[in-house]
>>> print(open('start.pdb').read())   # PDB, N, CA, C and O atoms
ATOM      1  N   MET A  31      93.055 132.046  81.433
ATOM      2  CA  MET A  31      94.466 131.779  81.550
ATOM      3  C   MET A  31      94.757 130.352  81.105
ATOM      4  O   MET A  31      94.061 129.420  81.454
ATOM      5  N   ASN A  32      95.777 130.218  80.372
ATOM      6  CA  ASN A  32      96.243 128.899  79.982
ATOM      7  C   ASN A  32      97.175 128.394  81.076
ATOM      8  O   ASN A  32      98.097 129.078  81.488
ATOM      9  N   TYR A  33      96.957 127.192  81.574
ATOM     10  CA  TYR A  33      97.725 126.673  82.703
ATOM     11  C   TYR A  33      99.179 126.379  82.348
ATOM     12  O   TYR A  33      99.975 126.093  83.211
ATOM     13  N   TYR A  34      99.510 126.435  81.083
ATOM     14  CA  TYR A  34     100.893 126.212  80.674
ATOM     15  C   TYR A  34     101.677 127.510  80.684
ATOM     16  O   TYR A  34     102.886 127.507  80.529
ATOM     17  N   GLU A  35     100.991 128.630  80.862
ATOM     18  CA  GLU A  35     101.654 129.923  80.881
ATOM     19  C   GLU A  35     102.057 130.295  82.297
ATOM     20  O   GLU A  35     101.475 129.823  83.273
ATOM     21  N   ARG A  36     103.038 131.146  82.410
ATOM     22  CA  ARG A  36     103.463 131.648  83.710
ATOM     23  C   ARG A  36     102.374 132.583  84.242
ATOM     24  O   ARG A  36     101.807 133.368  83.505
ATOM     25  N   PRO A  37     102.074 132.491  85.562
ATOM     26  CA  PRO A  37     101.056 133.393  86.135
ATOM     27  C   PRO A  37     101.499 134.846  86.045
ATOM     28  O   PRO A  37     102.694 135.160  86.108
ATOM     29  N   THR A  38     100.524 135.692  85.935
ATOM     30  CA  THR A  38     100.808 137.131  85.901
ATOM     31  C   THR A  38     101.173 137.589  87.309
ATOM     32  O   THR A  38     100.874 136.895  88.294
ATOM     33  N   PRO A  39     101.798 138.747  87.443
ATOM     34  CA  PRO A  39     102.104 139.266  88.787
ATOM     35  C   PRO A  39     100.847 139.402  89.656
ATOM     36  O   PRO A  39     100.895 139.110  90.860
ATOM     37  N   LEU A  40      99.740 139.796  89.073
ATOM     38  CA  LEU A  40      98.491 139.924  89.834
ATOM     39  C   LEU A  40      98.014 138.560  90.321
ATOM     40  O   LEU A  40      97.568 138.411  91.464
ATOM     41  N   GLN A  41      98.119 137.527  89.479
ATOM     42  CA  GLN A  41      97.738 136.177  89.878
ATOM     43  C   GLN A  41      98.661 135.643  90.970
ATOM     44  O   GLN A  41      98.206 134.989  91.911
ATOM     45  N   GLU A  42      99.947 135.930  90.875
ATOM     46  CA  GLU A  42     100.884 135.506  91.907
ATOM     47  C   GLU A  42     100.577 136.191  93.237
ATOM     48  O   GLU A  42     100.620 135.561  94.295
ATOM     49  N   GLN A  43     100.239 137.479  93.172
ATOM     50  CA  GLN A  43      99.888 138.213  94.385
ATOM     51  C   GLN A  43      98.606 137.644  95.000
ATOM     52  O   GLN A  43      98.528 137.444  96.215
ATOM     53  N   ALA A  44      97.606 137.355  94.172
ATOM     54  CA  ALA A  44      96.350 136.791  94.667
ATOM     55  C   ALA A  44      96.594 135.427  95.310
ATOM     56  O   ALA A  44      96.030 135.117  96.369
ATOM     57  N   ASN A  45      97.444 134.623  94.698
ATOM     58  CA  ASN A  45      97.763 133.306  95.257
ATOM     59  C   ASN A  45      98.468 133.447  96.606
ATOM     60  O   ASN A  45      98.130 132.751  97.563
ATOM     61  N   ALA A  46      99.416 134.348  96.697
ATOM     62  CA  ALA A  46     100.144 134.551  97.948
ATOM     63  C   ALA A  46      99.203 135.024  99.051
ATOM     64  O   ALA A  46      99.284 134.553 100.198
ATOM     65  N   GLU A  47      98.303 135.939  98.729
ATOM     66  CA  GLU A  47      97.342 136.432  99.724
ATOM     67  C   GLU A  47      96.384 135.329 100.162
ATOM     68  O   GLU A  47      96.057 135.217 101.348
ATOM     69  N   ALA A  48      95.940 134.509  99.233
ATOM     70  CA  ALA A  48      95.031 133.405  99.568
ATOM     71  C   ALA A  48      95.741 132.393 100.463
ATOM     72  O   ALA A  48      95.170 131.919 101.454
ATOM     73  N   MET A  49      96.985 132.057 100.144
ATOM     74  CA  MET A  49      97.745 131.111 100.964
ATOM     75  C   MET A  49      97.956 131.661 102.371
ATOM     76  O   MET A  49      97.820 130.944 103.356
ATOM     77  N   GLN A  50      98.256 132.950 102.462
ATOM     78  CA  GLN A  50      98.457 133.573 103.771
ATOM     79  C   GLN A  50      97.150 133.585 104.564
ATOM     80  O   GLN A  50      97.132 133.293 105.756
ATOM     81  N   HIS A  51      96.053 133.884 103.888
ATOM     82  CA  HIS A  51      94.745 133.958 104.549
ATOM     83  C   HIS A  51      94.318 132.596 105.111
ATOM     84  O   HIS A  51      93.774 132.508 106.208
ATOM     85  N   PHE A  52      94.572 131.533 104.368
ATOM     86  CA  PHE A  52      94.102 130.209 104.758
ATOM     87  C   PHE A  52      95.160 129.358 105.461
ATOM     88  O   PHE A  52      94.887 128.209 105.816
ATOM     89  N   ALA A  53      96.343 129.893 105.705
ATOM     90  CA  ALA A  53      97.424 129.110 106.305
ATOM     91  C   ALA A  53      97.015 128.516 107.651
ATOM     92  O   ALA A  53      97.244 127.336 107.914
ATOM     93  N   GLU A  54      96.404 129.308 108.516
ATOM     94  CA  GLU A  54      96.009 128.808 109.837
ATOM     95  C   GLU A  54      94.914 127.754 109.720
ATOM     96  O   GLU A  54      94.923 126.754 110.434
ATOM     97  N   HIS A  55      93.994 127.941 108.786
ATOM     98  CA  HIS A  55      92.932 126.951 108.572
ATOM     99  C   HIS A  55      93.522 125.611 108.127
ATOM    100  O   HIS A  55      93.062 124.549 108.558
ATOM    101  N   LEU A  56      94.527 125.662 107.270
ATOM    102  CA  LEU A  56      95.149 124.429 106.803
ATOM    103  C   LEU A  56      95.880 123.721 107.930
ATOM    104  O   LEU A  56      95.849 122.490 108.027
ATOM    105  N   LYS A  57      96.524 124.476 108.818
ATOM    106  CA  LYS A  57      97.184 123.869 109.977
ATOM    107  C   LYS A  57      96.152 123.221 110.897
ATOM    108  O   LYS A  57      96.359 122.118 111.398
ATOM    109  N   GLN A  58      95.045 123.897 111.131
ATOM    110  CA  GLN A  58      93.996 123.361 111.998
ATOM    111  C   GLN A  58      93.354 122.128 111.371
ATOM    112  O   GLN A  58      92.961 121.204 112.091
ATOM    113  N   PHE A  59      93.229 122.108 110.060
ATOM    114  CA  PHE A  59      92.631 120.968 109.382
ATOM    115  C   PHE A  59      93.421 119.698 109.677
ATOM    116  O   PHE A  59      92.856 118.653 109.988
ATOM    117  N   LYS A  60      94.734 119.768 109.603
ATOM    118  CA  LYS A  60      95.581 118.614 109.881
ATOM    119  C   LYS A  60      95.384 118.156 111.324
ATOM    120  O   LYS A  60      95.233 116.953 111.586
ATOM    121  N   ALA A  61      95.378 119.088 112.262
ATOM    122  CA  ALA A  61      95.191 118.729 113.673
ATOM    123  C   ALA A  61      93.817 118.104 113.891
ATOM    124  O   ALA A  61      93.676 117.123 114.640
ATOM    125  N   ASN A  62      92.795 118.637 113.234
ATOM    126  CA  ASN A  62      91.441 118.089 113.377
ATOM    127  C   ASN A  62      91.344 116.695 112.769
ATOM    128  O   ASN A  62      90.673 115.815 113.333
ATOM    129  N   CYS A  63      91.999 116.467 111.653
ATOM    130  CA  CYS A  63      92.003 115.130 111.050
ATOM    131  C   CYS A  63      92.659 114.125 111.993
ATOM    132  O   CYS A  63      92.173 113.004 112.160
ATOM    133  N   ASP A  64      93.765 114.536 112.625
ATOM    134  CA  ASP A  64      94.436 113.653 113.583
ATOM    135  C   ASP A  64      93.538 113.340 114.778
ATOM    136  O   ASP A  64      93.476 112.207 115.248
ATOM    137  N   ALA A  65      92.822 114.356 115.278
ATOM    138  CA  ALA A  65      91.930 114.152 116.422
ATOM    139  C   ALA A  65      90.794 113.199 116.072
ATOM    140  O   ALA A  65      90.445 112.312 116.861
ATOM    141  N   ILE A  66      90.223 113.349 114.891
ATOM    142  CA  ILE A  66      89.138 112.457 114.454
ATOM    143  C   ILE A  66      89.666 111.029 114.316
ATOM    144  O   ILE A  66      89.006 110.072 114.720
ATOM    145  N   HIS A  67      90.858 110.879 113.778
ATOM    146  CA  HIS A  67      91.458 109.546 113.650
ATOM    147  C   HIS A  67      91.629 108.902 115.023
ATOM    148  O   HIS A  67      91.343 107.711 115.203
ATOM    149  N   ASN A  68      92.084 109.686 115.997
ATOM    150  CA  ASN A  68      92.250 109.149 117.355
ATOM    151  C   ASN A  68      90.913 108.728 117.960
ATOM    152  O   ASN A  68      90.828 107.686 118.606
ATOM    153  N   ILE A  69      89.879 109.518 117.749
ATOM    154  CA  ILE A  69      88.548 109.171 118.265
ATOM    155  C   ILE A  69      88.068 107.872 117.623
ATOM    156  O   ILE A  69      87.581 106.970 118.304
ATOM    157  N   GLU A  70      88.234 107.776 116.307
ATOM    158  CA  GLU A  70      87.801 106.563 115.611
ATOM    159  C   GLU A  70      88.598 105.342 116.073
ATOM    160  O   GLU A  70      88.041 104.250 116.221
ATOM    161  N   SER A  71      89.876 105.517 116.318
ATOM    162  CA  SER A  71      90.713 104.405 116.771
ATOM    163  C   SER A  71      90.323 103.932 118.166
ATOM    164  O   SER A  71      90.392 102.745 118.474
ATOM    165  N   ASN A  72      89.917 104.858 119.019
ATOM    166  CA  ASN A  72      89.585 104.534 120.409
ATOM    167  C   ASN A  72      88.107 104.204 120.610
ATOM    168  O   ASN A  72      87.702 103.880 121.725
ATOM    169  N   LEU A  73      87.315 104.278 119.569
ATOM    170  CA  LEU A  73      85.876 104.084 119.704
ATOM    171  C   LEU A  73      85.493 102.720 120.275
ATOM    172  O   LEU A  73      84.664 102.657 121.189
ATOM    173  N   PRO A  74      86.080 101.604 119.836
ATOM    174  CA  PRO A  74      85.690 100.317 120.427
ATOM    175  C   PRO A  74      85.945 100.255 121.936
ATOM    176  O   PRO A  74      85.099  99.777 122.693
ATOM    177  N   ALA A  75      87.095 100.744 122.368
ATOM    178  CA  ALA A  75      87.408 100.719 123.800
ATOM    179  C   ALA A  75      86.469 101.631 124.577
ATOM    180  O   ALA A  75      85.990 101.267 125.664
ATOM    181  N   THR A  76      86.182 102.794 124.031
ATOM    182  CA  THR A  76      85.276 103.729 124.702
ATOM    183  C   THR A  76      83.878 103.136 124.806
ATOM    184  O   THR A  76      83.222 103.250 125.847
ATOM    185  N   THR A  77      83.432 102.477 123.746
ATOM    186  CA  THR A  77      82.113 101.848 123.753
ATOM    187  C   THR A  77      82.049 100.742 124.795
ATOM    188  O   THR A  77      81.070 100.628 125.538
ATOM    189  N   ASN A  78      83.093  99.930 124.867
ATOM    190  CA  ASN A  78      83.125  98.862 125.871
ATOM    191  C   ASN A  78      83.097  99.428 127.278
ATOM    192  O   ASN A  78      82.380  98.915 128.147
ATOM    193  N   ASP A  79      83.864 100.480 127.528
ATOM    194  CA  ASP A  79      83.880 101.106 128.850
ATOM    195  C   ASP A  79      82.510 101.664 129.215
ATOM    196  O   ASP A  79      82.031 101.506 130.341
ATOM    197  N   ALA A  80      81.865 102.319 128.260
ATOM    198  CA  ALA A  80      80.546 102.897 128.516
ATOM    199  C   ALA A  80      79.507 101.801 128.769
ATOM    200  O   ALA A  80      78.663 101.929 129.663
ATOM    201  N   SER A  81      79.575 100.726 128.001
ATOM    202  CA  SER A  81      78.630  99.622 128.189
ATOM    203  C   SER A  81      78.830  98.969 129.556
ATOM    204  O   SER A  81      77.863  98.676 130.258
ATOM    205  N   ARG A  82      80.082  98.751 129.927
ATOM    206  CA  ARG A  82      80.387  98.151 131.222
ATOM    207  C   ARG A  82      79.893  99.038 132.363
ATOM    208  O   ARG A  82      79.298  98.562 133.327
ATOM    209  N   ALA A  83      80.109 100.335 132.239
ATOM    210  CA  ALA A  83      79.662 101.271 133.275
ATOM    211  C   ALA A  83      78.143 101.287 133.373
ATOM    212  O   ALA A  83      77.578 101.348 134.467
ATOM    213  N   ALA A  84      77.464 101.213 132.228
ATOM    214  CA  ALA A  84      76.000 101.211 132.237
ATOM    215  C   ALA A  84      75.460  99.951 132.906
ATOM    216  O   ALA A  84      74.478 100.011 133.653
ATOM    217  N   LEU A  85      76.098  98.828 132.653
ATOM    218  CA  LEU A  85      75.636  97.580 133.252
ATOM    219  C   LEU A  85      75.842  97.571 134.763
ATOM    220  O   LEU A  85      75.093  96.940 135.499
ATOM    221  N   GLN A  86      76.860  98.264 135.232
ATOM    222  CA  GLN A  86      77.161  98.293 136.656
ATOM    223  C   GLN A  86      76.426  99.406 137.396
ATOM    224  O   GLN A  86      76.457  99.443 138.614
ATOM    225  N   SER A  87      75.766 100.291 136.655
ATOM    226  CA  SER A  87      75.092 101.409 137.314
ATOM    227  C   SER A  87      73.820 100.929 138.012
ATOM    228  O   SER A  87      73.285  99.861 137.727
ATOM    229  N   SER A  88      73.351 101.728 138.936
ATOM    230  CA  SER A  88      72.138 101.360 139.673
ATOM    231  C   SER A  88      70.934 102.129 139.135
ATOM    232  O   SER A  88      69.945 102.297 139.836
ATOM    233  N   GLY A  89      71.031 102.576 137.902
ATOM    234  CA  GLY A  89      69.929 103.328 137.302
ATOM    235  C   GLY A  89      68.754 102.440 136.950
ATOM    236  O   GLY A  89      68.830 101.216 136.979
ATOM    237  N   ARG A  90      67.660 103.059 136.640
ATOM    238  CA  ARG A  90      66.464 102.316 136.229
ATOM    239  C   ARG A  90      66.545 101.983 134.752
ATOM    240  O   ARG A  90      67.165 102.688 133.975
ATOM    241  N   VAL A  91      65.898 100.906 134.376
ATOM    242  CA  VAL A  91      65.923 100.443 132.991
ATOM    243  C   VAL A  91      64.575 100.728 132.351
ATOM    244  O   VAL A  91      63.526 100.458 132.924
ATOM    245  N   ILE A  92      64.634 101.273 131.138
ATOM    246  CA  ILE A  92      63.434 101.487 130.317
ATOM    247  C   ILE A  92      63.592 100.597 129.097
ATOM    248  O   ILE A  92      64.650 100.559 128.482
ATOM    249  N   GLN A  93      62.545  99.866 128.751
ATOM    250  CA  GLN A  93      62.591  99.036 127.558
ATOM    251  C   GLN A  93      61.651  99.633 126.524
ATOM    252  O   GLN A  93      60.474  99.872 126.786
ATOM    253  N   THR A  94      62.164  99.869 125.320
ATOM    254  CA  THR A  94      61.350 100.439 124.250
ATOM    255  C   THR A  94      60.576  99.338 123.534
ATOM    256  O   THR A  94      60.769  98.152 123.793
ATOM    257  N   ASP A  95      59.689  99.723 122.642
ATOM    258  CA  ASP A  95      58.844  98.772 121.927
ATOM    259  C   ASP A  95      59.644  97.734 121.150
ATOM    260  O   ASP A  95      59.208  96.605 120.977
ATOM    261  N   ASP A  96      60.830  98.126 120.665
ATOM    262  CA  ASP A  96      61.620  97.167 119.886
ATOM    263  C   ASP A  96      62.536  96.307 120.757
ATOM    264  O   ASP A  96      63.337  95.535 120.251
ATOM    265  N   GLY A  97      62.423  96.426 122.072
ATOM    266  CA  GLY A  97      63.199  95.601 122.981
ATOM    267  C   GLY A  97      64.506  96.216 123.449
ATOM    268  O   GLY A  97      65.202  95.642 124.282
ATOM    269  N   THR A  98      64.854  97.375 122.923
ATOM    270  CA  THR A  98      66.086  98.044 123.348
ATOM    271  C   THR A  98      65.932  98.507 124.783
ATOM    272  O   THR A  98      64.902  99.063 125.157
ATOM    273  N   GLN A  99      66.963  98.274 125.572
ATOM    274  CA  GLN A  99      66.929  98.693 126.971
ATOM    275  C   GLN A  99      67.823  99.913 127.164
ATOM    276  O   GLN A  99      68.950  99.952 126.687
ATOM    277  N   TRP A 100      67.299 100.892 127.881
ATOM    278  CA  TRP A 100      68.028 102.114 128.196
ATOM    279  C   TRP A 100      68.058 102.257 129.704
ATOM    280  O   TRP A 100      67.088 101.978 130.376
ATOM    281  N   GLN A 101      69.188 102.695 130.223
ATOM    282  CA  GLN A 101      69.293 102.947 131.653
ATOM    283  C   GLN A 101      69.385 104.435 131.886
ATOM    284  O   GLN A 101      70.002 105.165 131.121
ATOM    285  N   TYR A 102      68.793 104.862 132.980
ATOM    286  CA  TYR A 102      68.938 106.248 133.380
ATOM    287  C   TYR A 102      69.072 106.304 134.881
ATOM    288  O   TYR A 102      68.595 105.434 135.603
ATOM    289  N   ALA A 103      69.755 107.308 135.339
ATOM    290  CA  ALA A 103      69.976 107.475 136.761
ATOM    291  C   ALA A 103      69.213 108.716 137.229
ATOM    292  O   ALA A 103      69.175 109.727 136.528
ATOM    293  N   LEU A 104      68.613 108.614 138.373
ATOM    294  CA  LEU A 104      67.936 109.770 138.945
ATOM    295  C   LEU A 104      68.988 110.648 139.613
ATOM    296  O   LEU A 104      69.810 110.163 140.388
ATOM    297  N   ILE A 105      68.913 111.912 139.323
ATOM    298  CA  ILE A 105      69.882 112.853 139.902
ATOM    299  C   ILE A 105      69.213 113.665 140.982
ATOM    300  O   ILE A 105      68.146 114.086 140.918
TER     301      ILE A 105
END
>>> encode(input="start.pdb", output="structure tokens")
Amino acid sequence: MNYYERPTPLQEQANAEAMQHFAEHLKQFKANCDAIHNIESNLPATTNDASRAALQSSGRVIQTDDGTQWQYALI
């Protein structure tokens, strides 16, 4: 098909069916993009809250070979 030509009735029908089939997916895509943006925007605050909570916890500390410290709580 030459893109400068008008689509055939069969091509128009196929396009309409494809748009109808994927309409809900396209709506969900926008919502998912917004949710990811919100997570990325809130990541510094969430990280600070988690770090503060870990420092205040009474869990035990494990130090790995590279000096990283991990805390865990016994349940």
>>> atom_distance(input="start.pdb", atom1="atom O of Leu73 in chain A", atom2="atom C of Glu54 in chain A")
29.4 Å
>>> atom_distance(input="start.pdb", atom1="CA of Thr38 in chain A", atom2="CA of Ala53 in chain A")
22.2 Å
>>> closest_residue(input="start.pdb", among="A:Asn72, A:Tyr102, A:Ala44, A:Ile66", to="Ser87 in chain A", atoms="only N, CA, C and O atoms")
A:Tyr102
>>> atom_distance(input="start.pdb", atom1="CA of Asn45 in chain A", atom2="CA of Phe59 in chain A")
19.4 Å
>>> residues_around(input="start.pdb", residues="Ala84 in chain A", least_positions_apart="5", cutoff="12 Å", atoms="only C-alpha atoms", output="number ranges by chain")
A: 77-79, 89-91, 99-103
>>> select_by_dssp(input="start.pdb", residues="chain A", states="strand (DSSP E)", output="PyMOL selection string")
chain A and resi 90-93+99-102
>>> write_last_selection(input="start.pdb", atoms="N, CA, C and O atoms", output="PDB file, in the coordinates of the input")
ATOM      1  N   ARG A  90      67.660 103.059 136.640  1.00  0.00           N
ATOM      2  CA  ARG A  90      66.464 102.316 136.229  1.00  0.00           C
ATOM      3  C   ARG A  90      66.545 101.983 134.752  1.00  0.00           C
ATOM      4  O   ARG A  90      67.165 102.688 133.975  1.00  0.00           O
ATOM      5  N   VAL A  91      65.898 100.906 134.376  1.00  0.00           N
ATOM      6  CA  VAL A  91      65.923 100.443 132.991  1.00  0.00           C
ATOM      7  C   VAL A  91      64.575 100.728 132.351  1.00  0.00           C
ATOM      8  O   VAL A  91      63.526 100.458 132.924  1.00  0.00           O
ATOM      9  N   ILE A  92      64.634 101.273 131.138  1.00  0.00           N
ATOM     10  CA  ILE A  92      63.434 101.487 130.317  1.00  0.00           C
ATOM     11  C   ILE A  92      63.592 100.597 129.097  1.00  0.00           C
ATOM     12  O   ILE A  92      64.650 100.559 128.482  1.00  0.00           O
ATOM     13  N   GLN A  93      62.545  99.866 128.751  1.00  0.00           N
ATOM     14  CA  GLN A  93      62.591  99.036 127.558  1.00  0.00           C
ATOM     15  C   GLN A  93      61.651  99.633 126.524  1.00  0.00           C
ATOM     16  O   GLN A  93      60.474  99.872 126.786  1.00  0.00           O
ATOM     17  N   GLN A  99      66.963  98.274 125.572  1.00  0.00           N
ATOM     18  CA  GLN A  99      66.929  98.693 126.971  1.00  0.00           C
ATOM     19  C   GLN A  99      67.823  99.913 127.164  1.00  0.00           C
ATOM     20  O   GLN A  99      68.950  99.952 126.687  1.00  0.00           O
ATOM     21  N   TRP A 100      67.299 100.892 127.881  1.00  0.00           N
ATOM     22  CA  TRP A 100      68.028 102.114 128.196  1.00  0.00           C
ATOM     23  C   TRP A 100      68.058 102.257 129.704  1.00  0.00           C
ATOM     24  O   TRP A 100      67.088 101.978 130.376  1.00  0.00           O
ATOM     25  N   GLN A 101      69.188 102.695 130.223  1.00  0.00           N
ATOM     26  CA  GLN A 101      69.293 102.947 131.653  1.00  0.00           C
ATOM     27  C   GLN A 101      69.385 104.435 131.886  1.00  0.00           C
ATOM     28  O   GLN A 101      70.002 105.165 131.121  1.00  0.00           O
ATOM     29  N   TYR A 102      68.793 104.862 132.980  1.00  0.00           N
ATOM     30  CA  TYR A 102      68.938 106.248 133.380  1.00  0.00           C
ATOM     31  C   TYR A 102      69.072 106.304 134.881  1.00  0.00           C
ATOM     32  O   TYR A 102      68.595 105.434 135.603  1.00  0.00           O
TER      33      TYR A 102
END
>>> select_by_dssp(input="start.pdb", residues="chain A", states="alpha helix (DSSP H)", output="ChimeraX atom specification")
/A:39-86
